[in-house]
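Visitor: Dropping in protein.cif, which is mmCIF, C-alpha atoms; chains and numbers go by the auth columns:
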```cif
data_final
#
loop_
_atom_site.group_PDB
_atom_site.id
_atom_site.type_symbol
_atom_site.label_atom_id
_atom_site.label_comp_id
_atom_site.label_asym_id
_atom_site.label_seq_id
_atom_site.Cartn_x
_atom_site.Cartn_y
_atom_site.Cartn_z
_atom_site.B_iso_or_equiv
_atom_site.auth_seq_id
_atom_site.auth_asym_id
ATOM 1 C CA MET A 1 -79.936 -4.289 146.932 0.00 107 L
ATOM 2 C CA GLU A 2 -79.687 -3.430 143.248 0.00 108 L
ATOM 3 C CA MET A 3 -82.738 -3.830 141.039 0.00 109 L
ATOM 4 C CA THR A 4 -82.582 -4.612 137.347 0.00 110 L
ATOM 5 C CA LEU A 5 -85.432 -4.423 134.877 0.00 111 L
ATOM 6 C CA GLN A 6 -86.478 -7.193 132.503 0.00 112 L
ATOM 7 C CA LEU A 7 -89.376 -6.911 130.118 0.00 113 L
ATOM 8 C CA THR A 8 -91.017 -10.301 129.517 0.00 114 L
ATOM 9 C CA LEU A 9 -93.220 -10.819 126.470 0.00 115 L
ATOM 10 C CA ASP A 10 -95.396 -13.910 126.141 0.00 116 L
ATOM 11 C CA CYS A 11 -95.230 -15.412 122.659 0.00 117 L
ATOM 12 C CA SER A 12 -95.495 -18.642 120.724 0.00 118 L
ATOM 13 C CA ASP A 13 -92.131 -18.486 118.909 0.00 119 L
ATOM 14 C CA PRO A 14 -89.322 -16.867 120.939 0.00 120 L
ATOM 15 C CA GLN A 15 -86.674 -17.202 118.226 0.00 121 L
ATOM 16 C CA ARG A 16 -88.924 -15.481 115.679 0.00 122 L
ATOM 17 C CA MET A 17 -89.482 -12.642 118.128 0.00 123 L
ATOM 18 C CA VAL A 18 -85.741 -12.343 118.839 0.00 124 L
ATOM 19 C CA ALA A 19 -85.065 -12.184 115.093 0.00 125 L
ATOM 20 C CA PHE A 20 -87.612 -9.362 114.716 0.00 126 L
ATOM 21 C CA TRP A 21 -87.129 -7.304 117.881 0.00 127 L
ATOM 22 C CA ALA A 22 -83.319 -7.372 118.173 0.00 128 L
ATOM 23 C CA PRO A 23 -82.789 -5.263 115.048 0.00 129 L
ATOM 24 C CA ALA A 24 -86.001 -3.292 115.637 0.00 130 L
ATOM 25 C CA LEU A 25 -84.687 -2.085 119.015 0.00 131 L
ATOM 26 C CA GLY A 26 -80.975 -2.040 118.150 0.00 132 L
ATOM 27 C CA TYR A 27 -80.451 -4.946 120.553 0.00 133 L
ATOM 28 C CA VAL A 28 -78.540 -8.204 120.153 0.00 134 L
ATOM 29 C CA PRO A 29 -79.479 -11.793 121.010 0.00 135 L
ATOM 30 C CA GLU A 30 -78.275 -12.484 124.545 0.00 136 L
ATOM 31 C CA PRO A 31 -75.468 -15.051 124.628 0.00 137 L
ATOM 32 C CA ALA A 32 -75.696 -17.929 127.079 0.00 138 L
ATOM 33 C CA PRO A 33 -73.827 -17.207 130.325 0.00 139 L
ATOM 34 C CA ASP A 34 -70.674 -18.734 131.746 0.00 140 L
ATOM 35 C CA GLY A 35 -69.313 -19.982 128.435 0.00 141 L
ATOM 36 C CA HIS A 36 -72.199 -22.403 127.809 0.00 142 L
ATOM 37 C CA PRO A 37 -72.839 -23.017 124.101 0.00 143 L
ATOM 38 C CA THR A 38 -76.617 -22.503 124.472 0.00 144 L
ATOM 39 C CA TRP A 39 -79.149 -21.367 127.043 0.00 145 L
ATOM 40 C CA ARG A 40 -80.482 -24.932 127.119 0.00 146 L
ATOM 41 C CA ALA A 41 -77.034 -26.221 128.116 0.00 147 L
ATOM 42 C CA TYR A 42 -76.881 -23.518 130.815 0.00 148 L
ATOM 43 C CA TRP A 43 -80.339 -24.414 132.170 0.00 149 L
ATOM 44 C CA GLU A 44 -79.507 -28.126 132.173 0.00 150 L
ATOM 45 C CA ALA A 45 -76.243 -27.397 134.046 0.00 151 L
ATOM 46 C CA MET A 46 -78.314 -25.413 136.589 0.00 152 L
ATOM 47 C CA GLY A 47 -80.496 -28.490 137.141 0.00 153 L
ATOM 48 C CA VAL A 48 -83.669 -27.399 135.338 0.00 154 L
ATOM 49 C CA PRO A 49 -85.669 -30.627 134.805 0.00 155 L
ATOM 50 C CA ALA A 50 -86.047 -31.779 131.189 0.00 156 L
ATOM 51 C CA GLU A 51 -89.869 -31.717 131.502 0.00 157 L
ATOM 52 C CA GLU A 52 -89.674 -27.954 132.075 0.00 158 L
ATOM 53 C CA LEU A 53 -87.757 -27.415 128.833 0.00 159 L
ATOM 54 C CA PRO A 54 -89.980 -27.697 125.754 0.00 160 L
ATOM 55 C CA SER A 55 -88.458 -29.050 122.575 0.00 161 L
ATOM 56 C CA GLY A 56 -86.087 -26.448 121.132 0.00 162 L
ATOM 57 C CA ALA A 57 -86.204 -24.215 124.235 0.00 163 L
ATOM 58 C CA GLY A 58 -82.883 -22.475 124.695 0.00 164 L
ATOM 59 C CA ASP A 59 -81.287 -23.945 121.581 0.00 165 L
ATOM 60 C CA LEU A 60 -81.197 -20.374 120.256 0.00 166 L
ATOM 61 C CA ALA A 61 -81.358 -17.142 122.243 0.00 167 L
ATOM 62 C CA GLU A 62 -84.805 -16.294 123.628 0.00 168 L
ATOM 63 C CA SER A 63 -83.791 -12.929 125.038 0.00 169 L
ATOM 64 C CA ILE A 64 -82.210 -9.763 123.727 0.00 170 L
ATOM 65 C CA VAL A 65 -80.047 -7.136 125.390 0.00 171 L
ATOM 66 C CA ASP A 66 -79.029 -3.579 124.693 0.00 172 L
ATOM 67 C CA PRO A 67 -75.358 -3.708 123.644 0.00 173 L
ATOM 68 C CA THR A 68 -74.817 -0.337 125.358 0.00 174 L
ATOM 69 C CA GLY A 69 -76.193 -1.698 128.645 0.00 175 L
ATOM 70 C CA ARG A 70 -78.726 1.145 128.996 0.00 176 L
ATOM 71 C CA GLY A 71 -81.992 -0.592 128.087 0.00 177 L
ATOM 72 C CA PRO A 72 -83.696 -3.483 129.857 0.00 178 L
ATOM 73 C CA ARG A 73 -83.232 -7.124 128.955 0.00 179 L
ATOM 74 C CA VAL A 74 -86.196 -8.413 126.930 0.00 180 L
ATOM 75 C CA TRP A 75 -87.163 -12.068 127.350 0.00 181 L
ATOM 76 C CA PHE A 76 -89.602 -13.774 124.987 0.00 182 L
ATOM 77 C CA GLN A 77 -91.339 -16.400 127.074 0.00 183 L
ATOM 78 C CA GLN A 78 -92.981 -19.217 125.150 0.00 184 L
ATOM 79 C CA VAL A 79 -96.600 -19.781 126.191 0.00 185 L
ATOM 80 C CA PRO A 80 -99.179 -22.182 124.726 0.00 186 L
ATOM 81 C CA GLU A 81 -102.065 -19.747 124.290 0.00 187 L
ATOM 82 C CA PRO A 82 -102.204 -17.263 121.377 0.00 188 L
ATOM 83 C CA LYS A 83 -102.578 -13.501 121.704 0.00 189 L
ATOM 84 C CA THR A 84 -106.290 -12.724 121.570 0.00 190 L
ATOM 85 C CA LEU A 85 -106.834 -9.083 122.580 0.00 191 L
ATOM 86 C CA LYS A 86 -105.254 -5.669 122.154 0.00 192 L
ATOM 87 C CA ASN A 87 -102.059 -5.035 124.101 0.00 193 L
ATOM 88 C CA ARG A 88 -102.388 -3.246 127.431 0.00 194 L
ATOM 89 C CA TRP A 89 -98.927 -1.716 126.787 0.00 195 L
ATOM 90 C CA HIS A 90 -96.759 -1.239 123.716 0.00 196 L
ATOM 91 C CA PHE A 91 -93.375 -0.070 122.517 0.00 197 L
ATOM 92 C CA ASP A 92 -92.976 3.407 121.023 0.00 198 L
ATOM 93 C CA LEU A 93 -89.956 3.359 118.729 0.00 199 L
ATOM 94 C CA LYS A 94 -88.992 7.035 118.749 0.00 200 L
ATOM 95 C CA VAL A 95 -87.053 7.489 115.525 0.00 201 L
ATOM 96 C CA GLY A 96 -88.372 10.879 114.369 0.00 202 L
ATOM 97 C CA GLY A 97 -86.333 13.033 116.727 0.00 203 L
ATOM 98 C CA GLY A 98 -89.168 14.863 118.478 0.00 204 L
ATOM 99 C CA ARG A 99 -90.964 18.112 117.794 0.00 205 L
ATOM 100 C CA ASP A 100 -87.720 20.091 117.483 0.00 206 L
ATOM 101 C CA VAL A 101 -87.108 18.270 114.176 0.00 207 L
ATOM 102 C CA PRO A 102 -88.988 19.561 111.109 0.00 208 L
ATOM 103 C CA GLN A 103 -92.088 17.485 110.434 0.00 209 L
ATOM 104 C CA ALA A 104 -90.967 16.544 106.911 0.00 210 L
ATOM 105 C CA LEU A 105 -87.747 15.045 108.283 0.00 211 L
ATOM 106 C CA ARG A 106 -89.635 13.229 111.067 0.00 212 L
ATOM 107 C CA ARG A 107 -92.003 11.775 108.445 0.00 213 L
ATOM 108 C CA GLU A 108 -89.023 10.639 106.360 0.00 214 L
ATOM 109 C CA ARG A 109 -87.408 8.946 109.383 0.00 215 L
ATOM 110 C CA VAL A 110 -90.643 7.256 110.466 0.00 216 L
ATOM 111 C CA ASP A 111 -91.360 6.034 106.928 0.00 217 L
ATOM 112 C CA ALA A 112 -87.818 4.620 106.583 0.00 218 L
ATOM 113 C CA ALA A 113 -88.152 2.745 109.895 0.00 219 L
ATOM 114 C CA VAL A 114 -91.600 1.442 108.924 0.00 220 L
ATOM 115 C CA GLU A 115 -90.238 0.183 105.602 0.00 221 L
ATOM 116 C CA ARG A 116 -87.392 -1.639 107.386 0.00 222 L
ATOM 117 C CA LEU A 117 -89.746 -3.153 109.985 0.00 223 L
ATOM 118 C CA VAL A 118 -92.266 -4.305 107.379 0.00 224 L
ATOM 119 C CA ALA A 119 -89.430 -6.018 105.484 0.00 225 L
ATOM 120 C CA ALA A 120 -88.566 -7.776 108.785 0.00 226 L
ATOM 121 C CA GLY A 121 -92.131 -9.058 109.284 0.00 227 L
ATOM 122 C CA ALA A 122 -94.200 -6.199 110.752 0.00 228 L
ATOM 123 C CA THR A 123 -97.647 -5.219 109.466 0.00 229 L
ATOM 124 C CA VAL A 124 -98.825 -1.622 109.192 0.00 230 L
ATOM 125 C CA LEU A 125 -102.123 -1.068 110.998 0.00 231 L
ATOM 126 C CA LYS A 126 -102.520 2.676 110.559 0.00 232 L
ATOM 127 C CA ILE A 127 -100.589 5.793 109.597 0.00 233 L
ATOM 128 C CA LYS A 128 -101.375 8.617 112.002 0.00 234 L
ATOM 129 C CA ASP A 129 -100.880 11.785 109.959 0.00 235 L
ATOM 130 C CA GLU A 130 -102.026 14.953 111.735 0.00 236 L
ATOM 131 C CA PRO A 131 -100.129 17.828 110.087 0.00 237 L
ATOM 132 C CA ASP A 132 -102.117 20.538 111.896 0.00 238 L
ATOM 133 C CA ALA A 133 -101.024 19.031 115.213 0.00 239 L
ATOM 134 C CA GLY A 134 -97.459 18.448 113.987 0.00 240 L
ATOM 135 C CA PHE A 135 -97.852 14.697 114.522 0.00 241 L
ATOM 136 C CA TYR A 136 -96.827 11.796 112.306 0.00 242 L
ATOM 137 C CA ALA A 137 -96.572 8.183 113.442 0.00 243 L
ATOM 138 C CA ALA A 138 -97.352 4.647 112.364 0.00 244 L
ATOM 139 C CA ALA A 139 -99.112 1.884 114.283 0.00 245 L
ATOM 140 C CA LEU A 140 -97.756 -1.576 113.456 0.00 246 L
ATOM 141 C CA GLN A 141 -97.938 -5.191 114.589 0.00 247 L
ATOM 142 C CA ASP A 142 -94.955 -7.483 115.131 0.00 248 L
ATOM 143 C CA PRO A 143 -94.958 -10.992 113.595 0.00 249 L
ATOM 144 C CA GLU A 144 -97.184 -12.308 116.438 0.00 250 L
ATOM 145 C CA GLY A 145 -99.685 -9.441 116.337 0.00 251 L
ATOM 146 C CA ASN A 146 -98.370 -7.282 119.203 0.00 252 L
ATOM 147 C CA GLU A 147 -99.031 -3.612 118.513 0.00 253 L
ATOM 148 C CA PHE A 148 -96.311 -0.954 118.604 0.00 254 L
ATOM 149 C CA ASP A 149 -95.844 2.576 117.293 0.00 255 L
ATOM 150 C CA VAL A 150 -93.110 4.239 115.286 0.00 256 L
ATOM 151 C CA VAL A 151 -93.005 7.933 116.135 0.00 257 L
#
```
Please render this file's structure as structure tokens.

Guide:
Amino acid sequence: MEMTLQLTLDCSDPQRMVAFWAPALGYVPEPAPDGHPTWRAYWEAMGVPAEELPSGAGDLAESIVDPTGRGPRVWFQQVPEPKTLKNRWHFDLKVGGGRDVPQALRRERVDAAVERLVAAGATVLKIKDEPDAGFYAAALQDPEGNEFDVV
């Protein structure tokens, strides 16, 4: 039996998260399957009861996929409670190229990605600049406060 991997993130506004994370990860909003115009139409055709579909659920994509097919599907699951504590896991967006790339170029790449992500709704928490250790990264939050790093 084949296993696939899906990463599910609890959130209050799935469409907002899709709009942020799709370009952040180089993903695309996942189209509804089987020619259905929306995910809601697909779920209704599958027999999901109306009481299980909150207002607006599935009208726009609530998941993103890697267009190359390499990365996992990411589903943003709407939940009623807000995020209250620090993440127990986070994304590392590795844009610098690793330690084989000169630190000045890694810094330039990280800063460019941070600028793009902030324009899309992220907030910078901390710049981690450790030149003696050859390390440069940024800690950010997505629009709902989930932490992630740009390295």

Visitor: Care to translate the PyMOL selection byres ((chain L and resi 131) around 12) into actual residues of this file, as an MDAnalysis selection string?

Guide: chainID L and resid 123:130 132:135 170:174 177:180 197:201 219 222:223 254 256

Visitor: Expand the PyMOL selection byres ((chain L and resi 224) around 12) into the explicit residue set it covers here, and present it as a PyMOL selection string.

Guide: chain L and resi 126+130+217-223+225-231+244-249+256

Visitor: Taking all atoms listed in the file into account, name the residue in L:Leu191, L:Tyr148, L:Gly164, L:Ser169 that is nearest to Glu136 in chain L.

Guide: L:Ser169

Visitor: So, with all atoms listed in the file as the atoms that count, which of L:Asp255, L:Glu250, L:Asp116, L:Glu150 lies closest to Pro186 in chain L?

Guide: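 Residue with the minimum atom-to-atom distance to Pro186 in chain L: L:Asp116.
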
Visitor: So which residues are close to (-83.7, -16.3, 122.7), meaning at most 6 Å away in the file's coordinates with only C-alpha atoms counted, and can you show them as a VMD selection string?

Guide: chain L and resid 120 to 121 124 166 to 169

Visitor: Between L:Leu159, L:Thr110, L:Ala239, L:Ala210, which is the closest to Gln183 in chain L once you count all atoms listed in the file?

Guide: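 Smallest separation from Gln183 in chain L among the options: L:Leu159.
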
Visitor: Go ahead and compute the interatomic distance for CA of Gly251 in chain L and CA of Leu111 in chain L, in Å to one decimal.

Guide: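 Result for CA of Gly251 in chain L versus CA of Leu111 in chain L: 23.9 Å, one decimal.
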
Visitor: Please write the residues picked by the PyMOL selection byres ((chain L and resi 149) around 12) on this file as JSON, numbers by chain.

Guide: {"L": [138, 139, 140, 142, 143, 144, 145, 146, 147, 148, 150, 151, 152, 153, 154, 155, 156, 158, 159, 163, 164, 165]}

Visitor: Between CA of Gly202 in chain L and CA of Gln112 in chain L, what is the spacing in Å?

Guide: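 Computing the Euclidean distance for CA of Gln112 in chain L and CA of Gly202 in chain L yields 25.7 Å.
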
Visitor: Could you check which of L:Glu108, L:Glu187, L:Phe241, L:Leu115 is closest to Arg213 in chain L, using all atoms listed in the file?

Guide: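 The answer is L:Phe241, which sits nearest to Arg213 in chain L.
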
Visitor: Return the single residue from L:Lys234, L:Arg176, L:Val257, L:Gly162 that is closest to Gly204 in chain L, with distances computed using only C-alpha atoms.

Guide: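 Of all the options, L:Val257 lies closest to Gly204 in chain L.
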
Visitor: Listed atoms of range 212-227 of chain L, axis-aligned box, 5 Å per side: centre and edge lengths to one decimal in Å, as lines of an AutoDock Vina configuration file?

Guide:
```
center_x = -89.8
center_y = 2.1
center_z = 108.3
size_x = 14.9
size_y = 32.3
size_z = 15.6
```

Visitor: Do you have the CA of Pro137 in chain L-CA of Ser118 in chain L distance handy?

Guide: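 Interatomic distance, CA of Pro137 in chain L to CA of Ser118 in chain L: 20.7 Å.
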
Visitor: Choose the residue, out of L:Pro188, L:Ala243, L:Phe182, L:Glu236, that has the smallest atom-to-atom separation from Arg215 in chain L; count all atoms listed in the file.

Guide: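 Looking only at the distances to Arg215 in chain L, the closest residue turns out to be L:Ala243.
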
Visitor: Extract range 110-256 of chain L from the coordinates I pasted, and write it as a short mmCIF file (atom, residue, chain, number, x, y, z; two decimals), in the first residue's frame (atoms kept: C-alpha atoms).

Guide:
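See result10.cif below for the written result:
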```
data_model
loop_
_atom_site.label_atom_id
_atom_site.label_comp_id
_atom_site.auth_asym_id
_atom_site.auth_seq_id
_atom_site.Cartn_x
_atom_site.Cartn_y
_atom_site.Cartn_z
CA THR L 110 1.32 9.83 0.85
CA LEU L 111 2.15 12.68 3.17
CA GLN L 112 -0.14 15.61 3.96
CA LEU L 113 0.77 18.38 6.34
CA THR L 114 -2.31 19.79 8.08
CA LEU L 115 -2.16 23.21 9.72
CA ASP L 116 -4.94 24.39 12.02
CA CYS L 117 -5.94 27.99 11.32
CA SER L 118 -8.82 30.43 11.46
CA ASP L 119 -8.74 31.59 7.82
CA PRO L 120 -7.72 28.88 5.32
CA GLN L 121 -7.93 31.12 2.25
CA ARG L 122 -5.64 33.71 3.86
CA MET L 123 -3.14 30.97 4.65
CA VAL L 124 -3.32 29.59 1.09
CA ALA L 125 -2.70 33.09 -0.28
CA PHE L 126 0.39 33.45 1.95
CA TRP L 127 1.91 29.96 1.91
CA ALA L 128 1.42 29.03 -1.77
CA PRO L 129 3.89 31.64 -3.02
CA ALA L 130 6.07 31.31 0.09
CA LEU L 131 6.65 27.61 -0.66
CA GLY L 132 6.44 27.81 -4.46
CA TYR L 133 3.18 25.84 -4.32
CA VAL L 134 -0.16 26.42 -6.03
CA PRO L 135 -3.72 26.32 -4.69
CA GLU L 136 -5.03 22.79 -5.16
CA PRO L 137 -7.85 22.63 -7.71
CA ALA L 138 -11.01 20.74 -6.82
CA PRO L 139 -10.95 17.15 -8.11
CA ASP L 140 -12.98 15.47 -10.83
CA GLY L 141 -13.87 18.66 -12.68
CA HIS L 142 -15.87 20.15 -9.79
CA PRO L 143 -15.88 23.96 -9.80
CA THR L 144 -15.05 24.16 -6.07
CA TRP L 145 -14.05 21.92 -3.19
CA ARG L 146 -17.43 22.64 -1.61
CA ALA L 147 -19.19 21.28 -4.71
CA TYR L 148 -16.93 18.20 -4.56
CA TRP L 149 -17.66 17.62 -0.86
CA GLU L 150 -21.40 18.07 -1.40
CA ALA L 151 -21.28 15.57 -4.31
CA MET L 152 -19.48 13.14 -1.96
CA GLY L 153 -22.37 13.46 0.51
CA VAL L 154 -20.72 15.59 3.21
CA PRO L 155 -23.62 16.96 5.31
CA ALA L 156 -24.20 20.72 5.09
CA GLU L 157 -23.80 21.06 8.89
CA GLU L 158 -20.19 19.87 8.53
CA LEU L 159 -19.39 22.61 6.01
CA PRO L 160 -19.00 26.03 7.65
CA SER L 161 -20.03 29.08 5.66
CA GLY L 162 -17.50 29.66 2.88
CA ALA L 163 -15.74 26.31 3.41
CA GLY L 164 -14.42 25.02 0.11
CA ASP L 165 -15.59 28.00 -1.92
CA LEU L 166 -11.89 28.71 -2.51
CA ALA L 167 -8.98 26.29 -2.23
CA GLU L 168 -7.99 25.40 1.35
CA SER L 169 -4.98 23.32 0.37
CA ILE L 170 -1.84 23.82 -1.66
CA VAL L 171 0.29 21.42 -3.66
CA ASP L 172 3.79 21.35 -5.05
CA PRO L 173 3.45 21.77 -8.83
CA THR L 174 6.47 19.47 -9.29
CA GLY L 175 4.79 16.73 -7.23
CA ARG L 176 7.80 16.37 -4.89
CA GLY L 177 6.55 18.09 -1.74
CA PRO L 178 3.62 17.12 0.47
CA ARG L 179 0.11 18.49 0.12
CA VAL L 180 -0.57 21.18 2.74
CA TRP L 181 -4.13 21.52 4.04
CA PHE L 182 -5.22 24.50 6.11
CA GLN L 183 -7.94 23.19 8.39
CA GLN L 184 -10.27 25.79 9.85
CA VAL L 185 -10.61 25.48 13.63
CA PRO L 186 -12.50 27.73 16.07
CA GLU L 187 -9.75 28.26 18.64
CA PRO L 188 -6.88 30.73 18.05
CA LYS L 189 -3.18 29.87 18.21
CA THR L 190 -2.03 30.52 21.76
CA LEU L 191 1.47 29.05 22.22
CA LYS L 192 4.73 28.65 20.34
CA ASN L 193 4.76 26.11 17.52
CA ARG L 194 6.08 22.64 18.33
CA TRP L 195 7.33 22.43 14.70
CA HIS L 196 8.02 24.97 11.98
CA PHE L 197 9.00 25.37 8.35
CA ASP L 198 12.60 26.20 7.43
CA LEU L 199 12.58 27.92 4.05
CA LYS L 200 16.10 27.16 2.84
CA VAL L 201 16.81 29.89 0.31
CA GLY L 202 20.44 30.70 1.15
CA GLY L 203 22.02 27.71 -0.57
CA GLY L 204 23.86 26.20 2.39
CA ARG L 205 27.34 26.66 3.79
CA ASP L 206 29.00 26.09 0.41
CA VAL L 207 27.62 29.49 -0.67
CA PRO L 208 29.52 32.59 0.51
CA GLN L 209 27.89 34.11 3.58
CA ALA L 210 27.35 37.49 1.90
CA LEU L 211 25.36 35.84 -0.90
CA ARG L 212 23.36 33.75 1.60
CA ARG L 213 22.54 36.94 3.54
CA GLU L 214 21.42 38.63 0.32
CA ARG L 215 19.16 35.69 -0.58
CA VAL L 216 17.66 35.46 2.92
CA ASP L 217 17.04 39.21 3.05
CA ALA L 218 15.34 39.17 -0.38
CA ALA L 219 13.06 36.30 0.70
CA VAL L 220 12.26 38.04 3.99
CA GLU L 221 11.36 41.24 2.14
CA ARG L 222 9.02 39.31 -0.19
CA LEU L 223 7.40 37.42 2.71
CA VAL L 224 6.89 40.57 4.78
CA ALA L 225 5.19 42.20 1.78
CA ALA L 226 2.90 39.12 1.67
CA GLY L 227 1.92 39.45 5.35
CA ALA L 228 4.73 37.93 7.44
CA THR L 229 6.23 39.61 10.51
CA VAL L 230 9.93 39.51 11.35
CA LEU L 231 10.55 38.23 14.87
CA LYS L 232 14.34 38.13 14.91
CA ILE L 233 17.35 38.24 12.61
CA LYS L 234 19.86 35.59 13.62
CA ASP L 235 23.23 36.98 12.52
CA GLU L 236 26.21 34.95 13.74
CA PRO L 237 29.08 35.77 11.37
CA ASP L 238 31.69 33.92 13.45
CA ALA L 239 29.62 30.75 13.10
CA GLY L 240 28.87 31.42 9.43
CA PHE L 241 25.14 31.57 10.19
CA TYR L 242 22.49 34.01 8.98
CA ALA L 243 18.75 33.43 9.21
CA ALA L 244 15.50 35.17 10.03
CA ALA L 245 12.68 34.05 12.31
CA LEU L 246 9.26 35.17 11.08
CA GLN L 247 5.55 34.68 11.74
CA ASP L 248 2.92 34.00 9.08
CA PRO L 249 -0.32 36.05 9.06
CA GLU L 250 -1.80 33.88 11.86
CA GLY L 251 1.29 33.95 14.08
CA ASN L 252 2.88 30.60 13.16
CA GLU L 253 6.66 30.80 13.42
CA PHE L 254 8.99 29.82 10.57
CA ASP L 255 12.60 30.45 9.62
CA VAL L 256 14.25 31.67 6.44
#
```
